[in-house]
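Here's the structure we're looking at; comments come further down.
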Amino acid sequence: MTDTSLSPPMQPVLRVEHLSKSFGALKASNDVSLDLYPGEIHALIGPNGAGKSTLIKQISGGLQPDMGRIELLGHDVTALDTVARARMGLGRTFQISSLAMEFSVLQNAVLGALGACGKSLGFFRNVMKDKALLEVAEEALSRVGLLQAAQQRTADLSHGQRRQLEVAVALTLKPRLFLMDEPMAGLGASGSKELTGFLDQLRYEAPILLVEHDMDAVFALADRISVLVYGAVIATGTADEIRNHPEVRRAYLGEEDET
Amino acid sequence: MSLILILEQILNGLQFGVMLFLMAAGLTLVFGVMGLINLAHGALYMVGAFAAAAVAGLTGSFVLALIASLAAAAAAGALVEVTVIRRLYDRDHLDQVLATFALILIFSEGTRWIFGSFPLFLDVPDYLSGPVTLPGGIKYPLYRLAIIVIGLVVGAGLFWLIARTRIGIQIRAGEADREMIAALGVDISKLYTLVFALGAALAGLAGALVGAIQSVQVGMGEPVLILAFVVIVIGGIGSIKGALVGALLVGLTDTLGGIFLPRLFTLMMEPAQAASLGASLASMLIYILMAAVLLVRPSGLFGGSA
Amino acid sequence: MGRERLFNLAVILALLAVPLLALALDEPFVITLATKVAILALAGVGLNIALGLGGLVSLGHAAFFGIGGYAMGILAAHAQNYEPLFSWPFLFEGSNQMPLIWLVAVLASAAAALVIGALSLRTSGVYFIMITLAFGQMLYYFAISWSAYGGEDGLSIWVRNEMPGLNTLIPIQFFGVCFALLCGALLFSARLAGSGFGLALSAARQTEERVETVGLQPFKLRLVAFVISGAITGLAGALFADLNRFVSPTMLSWHTSGEIMIFVILGGVGRLYGPVVGAAVYILLEHLLGGISEYWQIFLGLLLLGMVLFARGGLIGALLGREVAHD
């Protein structure tokens, strides 16, 4: 897979070029460049405070970079907002669940389907009886194994189930690429393993830019890994290359204990 | 339209602005430090005015009346903070709005109960009444000039308090990070009561000072409260400097607009129509100013993020 | 869910039964009170769309209530005085026909809500509260200084406006009109809450970020909700002015905004029938306590304070417990 996805004629789905963002004296993103090709999982790792969240925000459209450009599917989206980027096919999951807690699980999934369907929202028809939307929502829930919890109140879900729902909502968008912010965080060992298997297959539907602390998952899944330290990418390469990269070992693996 | 008239109106605008600043300072401080929107701030203004009128009626001393306004408003503020307000800091804004609206009802009707529905009058003392001649030959009421001076002195004192004193440091730290200053051993609930009482005292003082120009009556605080909101929306919520700039802007715009807009319209249309249209438009002017500021800077002139 | 639906049905039937009973017992004043409840509940239903569903704490809904009132006052005053309101592009002498008055009230308040909303919704939180309050107050002062339509004294009309096929001078018939409009608004509001728009709006209240990431604009959702909300409250304003045959700047004052909000809160925020219960309780309190003490608003204040501090779900919340997610 890695070979074909890196072959030159293929267009990257996402291309980030020379992105910089400062907060006062702090360079949260320092000349970051990375890209994501069809069919791949590109993992982004780095110690806490390395600027991963800032980078994600800039890619998803929540934060304007000071310099650099972002390209989605060949279009410059640097000036576009979150909504426009979502409509172009960017499917994001959040590190801290931002689900609608008062909703049922199914309502959260239908919200995603509703946003993605592109039709007008409707003021009179009961959205929870819309067959087309329900089908999309239920399929996404069943793929992450949440269908039996569809009628539960989201606030009552376990932490692991909320992570699953995060992914399910992203699935309802039928995105062209996924931007996943620590989907494994707080999942137990078996949960991580299950999700790892799922993402492994998902990459063929749409490539994944994966920010993750779970190193087992990262090394098992990623076609390429980029290491972010102090806002800058210090290395990009395959799992083996990163494992043996001296600077990475010094800057990251040597200093940070992974939990 | 003479130069003297314009200068006189500018002074009137300043006087109005300075009063608004006394109101807005407390509001913006309470919001900045405690994150609370306090609709009952106007009630404290009223409490100050009534206390001043009552004490002046008993003793005949204007100075005692001002002291009473400060003390009564601060005491009412502290009482309200301890019994009600502190339960609202962690609530959402809707709860804060409702609870402080309820306080307005209680304060207004309670005051009506005690003092009746007729307005009280607070007289300007002899030594401050009458006009004074300013450089340039402008005759201006001494009392209004005194208000400007008192307001500016209190404002300067407030800046000094916040920038230079221990309490001020704690207040600023409280804006930045509640947990941090609690961890440093500052008694945060005392600090909050103090800040609230301070804001209340300023409002009470403003009520007493204005009470001598207008009448002292139930509900007098509400128009001022809403103008104070406009002031801090323009200045940026939480910023004392913004409150000062916003207050002067609003004071000047309202006063000058009310005088000059009808005259301006007279140049274009017949007098009766001009007066009516001019007055209507003038009454909307500060809100138009607010909308304009919002279009350019949604979080106000000196505000951080909304 | 079943319990709340049953409760709602009981509430609306009670609101219908009371004036009918009053008619049988020949108590026209009670019919007027019930009419007032229906109208104020309608205003609350409007606010509830912004406040309950959209989480928009508007303290300026008196603006729309008052605009509706003035739409009635101005149209009717021109009609009764035979003074043309305008003569271009066609001659228009005002109107005393309710349907036309309602249309104008709804359109005017929707237009005002569009402008006020577009400006206020650029902000959120406390700014939003203060700005809606300020715009409401702007219209209040405008009405006071607008001498052509009564200024501070307001505007009276001699006879209640007409409704084709009915005699609105008979209290129970006018009640019927108001009650029917309230039922219509409740039905509309229920459908709206269950619709795609309602789902997205409610989601925007809970998690703005999420709504953006699924490709929907929270600002647009809120603006549409604010306009609908303002339009319904405006309609209530036209009816309220018609009930009193009088409109004055008081309808635009921020106390009115606070009161409309109290209707919603007393009943329970976000509850479909919250405003009906709230308005009924408010009018009942006003009538009962007002009979005991001139200063009855002290008790209202204490009640409201106690409710905010200790019983946040409102009356329906206290009776029926936590709300179940919309079906």
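In the structure tokens, each chain is lettered A, B, ... as it comes, each chain's residues begin at 1, and ligands are numbered from 1 in order of appearance.
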Using only C-alpha atoms and a distance of at most 6 Å, pull out the residues of chain B that contact chain C, as number ranges by chain. B: 99, 102, 105-106, 109, 280, 283-284
Print the selection's residues with N, CA and C atoms to a file, as an mmCIF file, in the first residue's frame.
data_model
loop_
_atom_site.group_PDB
_atom_site.id
_atom_site.type_symbol
_atom_site.label_atom_id
_atom_site.label_comp_id
_atom_site.auth_asym_id
_atom_site.auth_seq_id
_atom_site.Cartn_x
_atom_site.Cartn_y
_atom_site.Cartn_z
ATOM 1 N N ALA B 99 -32.032 35.544 38.068
ATOM 2 C CA ALA B 99 -31.910 35.801 39.505
ATOM 3 C C ALA B 99 -31.705 37.291 39.747
ATOM 4 N N ALA B 102 -34.856 39.085 39.255
ATOM 5 C CA ALA B 102 -35.702 38.909 40.441
ATOM 6 C C ALA B 102 -35.279 39.889 41.533
ATOM 7 N N LEU B 105 -36.814 43.269 40.964
ATOM 8 C CA LEU B 105 -38.212 43.328 41.394
ATOM 9 C C LEU B 105 -38.278 43.521 42.908
ATOM 10 N N ILE B 106 -37.457 42.745 43.614
ATOM 11 C CA ILE B 106 -37.483 42.822 45.078
ATOM 12 C C ILE B 106 -37.024 44.199 45.555
ATOM 13 N N GLU B 109 -39.665 47.096 44.368
ATOM 14 C CA GLU B 109 -40.924 47.086 45.105
ATOM 15 C C GLU B 109 -40.687 47.328 46.591
ATOM 16 N N SER B 280 -35.947 61.686 17.667
ATOM 17 C CA SER B 280 -36.048 60.231 17.554
ATOM 18 C C SER B 280 -34.695 59.624 17.228
ATOM 19 N N SER B 283 -32.153 59.759 20.040
ATOM 20 C CA SER B 283 -32.341 58.766 21.096
ATOM 21 C C SER B 283 -31.764 57.417 20.690
ATOM 22 N N MET B 284 -31.571 57.218 19.398
ATOM 23 C CA MET B 284 -31.041 55.938 18.928
ATOM 24 C C MET B 284 -29.537 55.983 18.687
#
DSSP strand (DSSP E) selection over stretch 99-234 of chain A, as an mmCIF file with C-alpha atoms, in the first residue's frame:
data_model
loop_
_atom_site.group_PDB
_atom_site.id
_atom_site.type_symbol
_atom_site.label_atom_id
_atom_site.label_comp_id
_atom_site.auth_asym_id
_atom_site.auth_seq_id
_atom_site.Cartn_x
_atom_site.Cartn_y
_atom_site.Cartn_z
ATOM 1 C CA LEU A 177 -10.383 12.097 4.328
ATOM 2 C CA PHE A 178 -10.454 11.668 8.091
ATOM 3 C CA LEU A 179 -8.763 13.890 10.593
ATOM 4 C CA MET A 180 -8.759 11.976 13.853
ATOM 5 C CA ASP A 181 -7.620 13.556 17.067
ATOM 6 C CA ILE A 208 -6.620 9.125 7.735
ATOM 7 C CA LEU A 209 -4.477 11.766 9.327
ATOM 8 C CA LEU A 210 -4.174 10.279 12.779
ATOM 9 C CA VAL A 211 -3.032 12.124 15.862
ATOM 10 C CA ARG A 224 3.977 7.073 7.498
ATOM 11 C CA ILE A 225 4.642 8.874 10.744
ATOM 12 C CA SER A 226 5.497 12.527 11.265
ATOM 13 C CA VAL A 227 7.056 13.629 14.526
ATOM 14 C CA LEU A 228 6.200 17.057 15.821
ATOM 15 C CA VAL A 229 8.448 18.657 18.414
ATOM 16 C CA ALA A 232 8.180 21.688 13.946
ATOM 17 C CA VAL A 233 8.175 18.376 12.066
ATOM 18 C CA ILE A 234 11.549 16.863 12.872
#
Distance cut-off 8 Å, counting only C-alpha atoms - which residues of chain C neighbour chain A? Return them as a ChimeraX atom specification. /C:188,191-192,194-200,203,206-207,209-217,325-327
For A:Glu17, list every protein, DNA or RNA residue within 12 Å, evaluated using only C-alpha atoms, and leave out those in the same chain fewer than 6 positions away; present the list as a VMD selection string. chain A and resid 29 to 36 55 58 to 59 65 67 to 72 76 to 78 233
Writing out the chosen residues with N, CA and C atoms as a PDB file, in the first residue's frame:
ATOM      1  N   SER A  29       3.202  26.374  15.643  1.00  0.00           N
ATOM      2  CA  SER A  29       3.494  25.645  14.407  1.00  0.00           C
ATOM      3  C   SER A  29       4.645  26.362  13.723  1.00  0.00           C
ATOM      4  N   ASN A  30       5.688  25.594  13.420  1.00  0.00           N
ATOM      5  CA  ASN A  30       6.880  26.214  12.879  1.00  0.00           C
ATOM      6  C   ASN A  30       7.223  25.573  11.539  1.00  0.00           C
ATOM      7  N   ASP A  31       6.766  26.199  10.476  1.00  0.00           N
ATOM      8  CA  ASP A  31       7.087  25.749   9.120  1.00  0.00           C
ATOM      9  C   ASP A  31       6.740  24.269   8.920  1.00  0.00           C
ATOM     10  N   VAL A  32       5.498  23.920   9.253  1.00  0.00           N
ATOM     11  CA  VAL A  32       5.073  22.528   9.142  1.00  0.00           C
ATOM     12  C   VAL A  32       4.627  22.205   7.719  1.00  0.00           C
ATOM     13  N   SER A  33       5.157  21.142   7.165  1.00  0.00           N
ATOM     14  CA  SER A  33       4.667  20.639   5.887  1.00  0.00           C
ATOM     15  C   SER A  33       4.376  19.160   6.046  1.00  0.00           C
ATOM     16  N   LEU A  34       3.237  18.732   5.575  1.00  0.00           N
ATOM     17  CA  LEU A  34       2.968  17.301   5.514  1.00  0.00           C
ATOM     18  C   LEU A  34       1.862  17.053   4.509  1.00  0.00           C
ATOM     19  N   ASP A  35       1.692  15.785   4.127  1.00  0.00           N
ATOM     20  CA  ASP A  35       0.640  15.499   3.167  1.00  0.00           C
ATOM     21  C   ASP A  35       0.030  14.136   3.452  1.00  0.00           C
ATOM     22  N   LEU A  36      -1.088  13.882   2.806  1.00  0.00           N
ATOM     23  CA  LEU A  36      -1.823  12.641   3.035  1.00  0.00           C
ATOM     24  C   LEU A  36      -2.290  12.129   1.683  1.00  0.00           C
ATOM     25  N   LEU A  55      -2.125  22.448  15.237  1.00  0.00           N
ATOM     26  CA  LEU A  55      -2.035  22.042  13.836  1.00  0.00           C
ATOM     27  C   LEU A  55      -3.378  21.505  13.343  1.00  0.00           C
ATOM     28  N   GLN A  58      -5.811  24.228  12.686  1.00  0.00           N
ATOM     29  CA  GLN A  58      -5.555  24.960  11.444  1.00  0.00           C
ATOM     30  C   GLN A  58      -6.015  24.145  10.235  1.00  0.00           C
ATOM     31  N   ILE A  59      -5.803  22.839  10.302  1.00  0.00           N
ATOM     32  CA  ILE A  59      -6.208  22.005   9.167  1.00  0.00           C
ATOM     33  C   ILE A  59      -7.733  21.936   9.064  1.00  0.00           C
ATOM     34  N   PRO A  65      -3.813  30.121  10.085  1.00  0.00           N
ATOM     35  CA  PRO A  65      -2.349  30.154  10.230  1.00  0.00           C
ATOM     36  C   PRO A  65      -1.810  31.554   9.938  1.00  0.00           C
ATOM     37  N   MET A  67       1.131  31.913   8.459  1.00  0.00           N
ATOM     38  CA  MET A  67       1.778  31.757   7.152  1.00  0.00           C
ATOM     39  C   MET A  67       1.557  30.334   6.641  1.00  0.00           C
ATOM     40  N   GLY A  68       1.758  30.140   5.369  1.00  0.00           N
ATOM     41  CA  GLY A  68       1.651  28.817   4.793  1.00  0.00           C
ATOM     42  C   GLY A  68       0.310  28.588   4.138  1.00  0.00           C
ATOM     43  N   ARG A  69       0.149  27.377   3.539  1.00  0.00           N
ATOM     44  CA  ARG A  69      -1.126  27.120   2.888  1.00  0.00           C
ATOM     45  C   ARG A  69      -1.574  25.690   3.099  1.00  0.00           C
ATOM     46  N   ILE A  70      -2.874  25.478   2.965  1.00  0.00           N
ATOM     47  CA  ILE A  70      -3.465  24.165   3.150  1.00  0.00           C
ATOM     48  C   ILE A  70      -4.281  23.849   1.913  1.00  0.00           C
ATOM     49  N   GLU A  71      -4.048  22.641   1.375  1.00  0.00           N
ATOM     50  CA  GLU A  71      -4.750  22.248   0.161  1.00  0.00           C
ATOM     51  C   GLU A  71      -5.561  20.989   0.444  1.00  0.00           C
ATOM     52  N   LEU A  72      -6.843  21.038   0.093  1.00  0.00           N
ATOM     53  CA  LEU A  72      -7.693  19.851   0.211  1.00  0.00           C
ATOM     54  C   LEU A  72      -8.082  19.422  -1.201  1.00  0.00           C
ATOM     55  N   ASP A  76      -6.938  25.122  -2.808  1.00  0.00           N
ATOM     56  CA  ASP A  76      -6.427  25.902  -1.689  1.00  0.00           C
ATOM     57  C   ASP A  76      -7.592  26.255  -0.755  1.00  0.00           C
ATOM     58  N   VAL A  77      -7.525  25.782   0.479  1.00  0.00           N
ATOM     59  CA  VAL A  77      -8.616  26.044   1.421  1.00  0.00           C
ATOM     60  C   VAL A  77      -8.167  26.919   2.581  1.00  0.00           C
ATOM     61  N   THR A  78      -6.970  27.495   2.473  1.00  0.00           N
ATOM     62  CA  THR A  78      -6.407  28.230   3.607  1.00  0.00           C
ATOM     63  C   THR A  78      -7.377  29.287   4.146  1.00  0.00           C
ATOM     64  N   VAL A 233       8.060  19.789  12.417  1.00  0.00           N
ATOM     65  CA  VAL A 233       8.175  18.376  12.066  1.00  0.00           C
ATOM     66  C   VAL A 233       9.656  18.042  11.992  1.00  0.00           C
TER      67      VAL A 233
END
Who sits within 10 Å of B:Gly32, only C-alpha atoms, same chain under 3 positions skipped, as a PDB file with N, CA and C atoms, in the first residue's frame:
ATOM      1  N   GLY B  26     -18.197  49.118  37.947  1.00  0.00           N
ATOM      2  CA  GLY B  26     -18.598  48.007  38.800  1.00  0.00           C
ATOM      3  C   GLY B  26     -19.078  46.819  37.986  1.00  0.00           C
ATOM      4  N   LEU B  27     -19.885  47.101  36.980  1.00  0.00           N
ATOM      5  CA  LEU B  27     -20.415  46.022  36.139  1.00  0.00           C
ATOM      6  C   LEU B  27     -19.303  45.233  35.480  1.00  0.00           C
ATOM      7  N   THR B  28     -18.367  45.972  34.912  1.00  0.00           N
ATOM      8  CA  THR B  28     -17.320  45.318  34.121  1.00  0.00           C
ATOM      9  C   THR B  28     -16.340  44.584  35.045  1.00  0.00           C
ATOM     10  N   LEU B  29     -16.137  45.149  36.228  1.00  0.00           N
ATOM     11  CA  LEU B  29     -15.265  44.493  37.208  1.00  0.00           C
ATOM     12  C   LEU B  29     -15.884  43.164  37.651  1.00  0.00           C
ATOM     13  N   GLY B  35     -17.216  36.677  36.354  1.00  0.00           N
ATOM     14  CA  GLY B  35     -17.963  36.120  35.229  1.00  0.00           C
ATOM     15  C   GLY B  35     -19.469  36.226  35.404  1.00  0.00           C
ATOM     16  N   LEU B  36     -19.903  37.278  36.097  1.00  0.00           N
ATOM     17  CA  LEU B  36     -21.334  37.390  36.403  1.00  0.00           C
ATOM     18  C   LEU B  36     -21.945  38.597  35.698  1.00  0.00           C
ATOM     19  N   ILE B  37     -23.087  38.386  35.078  1.00  0.00           N
ATOM     20  CA  ILE B  37     -23.841  39.506  34.525  1.00  0.00           C
ATOM     21  C   ILE B  37     -24.882  39.918  35.561  1.00  0.00           C
ATOM     22  N   ILE B 171      -7.212  41.064  42.403  1.00  0.00           N
ATOM     23  CA  ILE B 171      -8.338  41.165  41.479  1.00  0.00           C
ATOM     24  C   ILE B 171      -7.912  40.770  40.068  1.00  0.00           C
ATOM     25  N   ARG B 172      -6.765  41.309  39.661  1.00  0.00           N
ATOM     26  CA  ARG B 172      -6.308  40.976  38.312  1.00  0.00           C
ATOM     27  C   ARG B 172      -5.972  39.491  38.182  1.00  0.00           C
ATOM     28  N   GLY B 174      -7.384  37.179  39.868  1.00  0.00           N
ATOM     29  CA  GLY B 174      -8.675  36.486  39.864  1.00  0.00           C
ATOM     30  C   GLY B 174      -9.288  36.457  38.486  1.00  0.00           C
ATOM     31  N   GLU B 175      -9.073  37.529  37.712  1.00  0.00           N
ATOM     32  CA  GLU B 175      -9.575  37.536  36.336  1.00  0.00           C
ATOM     33  C   GLU B 175      -8.890  36.462  35.526  1.00  0.00           C
ATOM     34  N   ALA B 176      -7.581  36.319  35.756  1.00  0.00           N
ATOM     35  CA  ALA B 176      -6.821  35.403  34.919  1.00  0.00           C
ATOM     36  C   ALA B 176      -7.081  33.955  35.320  1.00  0.00           C
ATOM     37  N   ILE B 237     -15.993  43.908  27.522  1.00  0.00           N
ATOM     38  CA  ILE B 237     -16.377  43.494  28.864  1.00  0.00           C
ATOM     39  C   ILE B 237     -15.154  43.071  29.667  1.00  0.00           C
ATOM     40  N   GLY B 238     -15.074  43.567  30.888  1.00  0.00           N
ATOM     41  CA  GLY B 238     -13.959  43.202  31.751  1.00  0.00           C
ATOM     42  C   GLY B 238     -12.857  44.248  31.785  1.00  0.00           C
ATOM     43  N   SER B 239     -12.892  45.197  30.851  1.00  0.00           N
ATOM     44  CA  SER B 239     -11.816  46.179  30.789  1.00  0.00           C
ATOM     45  C   SER B 239     -12.242  47.497  31.434  1.00  0.00           C
ATOM     46  N   ILE B 240     -11.510  47.921  32.460  1.00  0.00           N
ATOM     47  CA  ILE B 240     -11.807  49.195  33.124  1.00  0.00           C
ATOM     48  C   ILE B 240     -11.502  50.351  32.182  1.00  0.00           C
TER      49      ILE B 240
END
DSSP on the backbone: what in stretch 133-184 of chain A comes out alpha helix (DSSP H), as a list of chain:residue names?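 Output for stretch 133-184 of chain A, alpha helix (DSSP H) only: A:Leu133, A:Leu134, A:Glu135, A:Val136, A:Ala137, A:Glu138, A:Glu139, A:Ala140, A:Leu141, A:Ser142, A:Arg143, A:Val144, A:His159, A:Gly160, A:Gln161, A:Arg162, A:Arg163, A:Gln164, A:Leu165, A:Glu166, A:Val167, A:Ala168, A:Val169, A:Ala170, A:Leu171, A:Thr172.
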Residues near A:Asp200, anyone? I mean within 9 Å using only C-alpha atoms, not counting same-chain ones fewer than 4 positions away, as number ranges by chain. A: 41, 195-196, 204, 220-222
Compile the contact shell of A:Asp214 as a PyMOL selection string: residues with an atom at most 10 Å away, counting only C-alpha atoms, same-chain residues fewer than 4 positions apart removed. chain A and resi 45+182-187+192+218-219+258-259
Generate a file of the selected residues that holds C-alpha atoms, formatted as a short mmCIF file (atom, residue, chain, number, x, y, z; two decimals), in the first residue's frame.
data_model
loop_
_atom_site.label_atom_id
_atom_site.label_comp_id
_atom_site.auth_asym_id
_atom_site.auth_seq_id
_atom_site.Cartn_x
_atom_site.Cartn_y
_atom_site.Cartn_z
CA ILE A 45 2.95 12.06 17.01
CA GLU A 182 -6.64 10.80 19.52
CA PRO A 183 -9.49 8.41 18.82
CA MET A 184 -7.92 5.79 21.11
CA ALA A 185 -7.58 8.05 24.13
CA GLY A 186 -9.08 6.42 27.18
CA LEU A 187 -10.11 3.24 25.40
CA SER A 192 -8.01 0.11 21.19
CA VAL A 218 0.44 4.13 15.64
CA PHE A 219 3.17 1.66 14.79
CA GLU A 258 3.97 6.86 27.04
CA THR A 259 0.99 5.92 29.07
#
Excluding A:Asp223 and any residue of its chain fewer than 5 positions from it, enumerate the residues within 7 Å of it, using only C-alpha atoms, and give them as a PyMOL selection string. chain A and resi 2+40-42+238
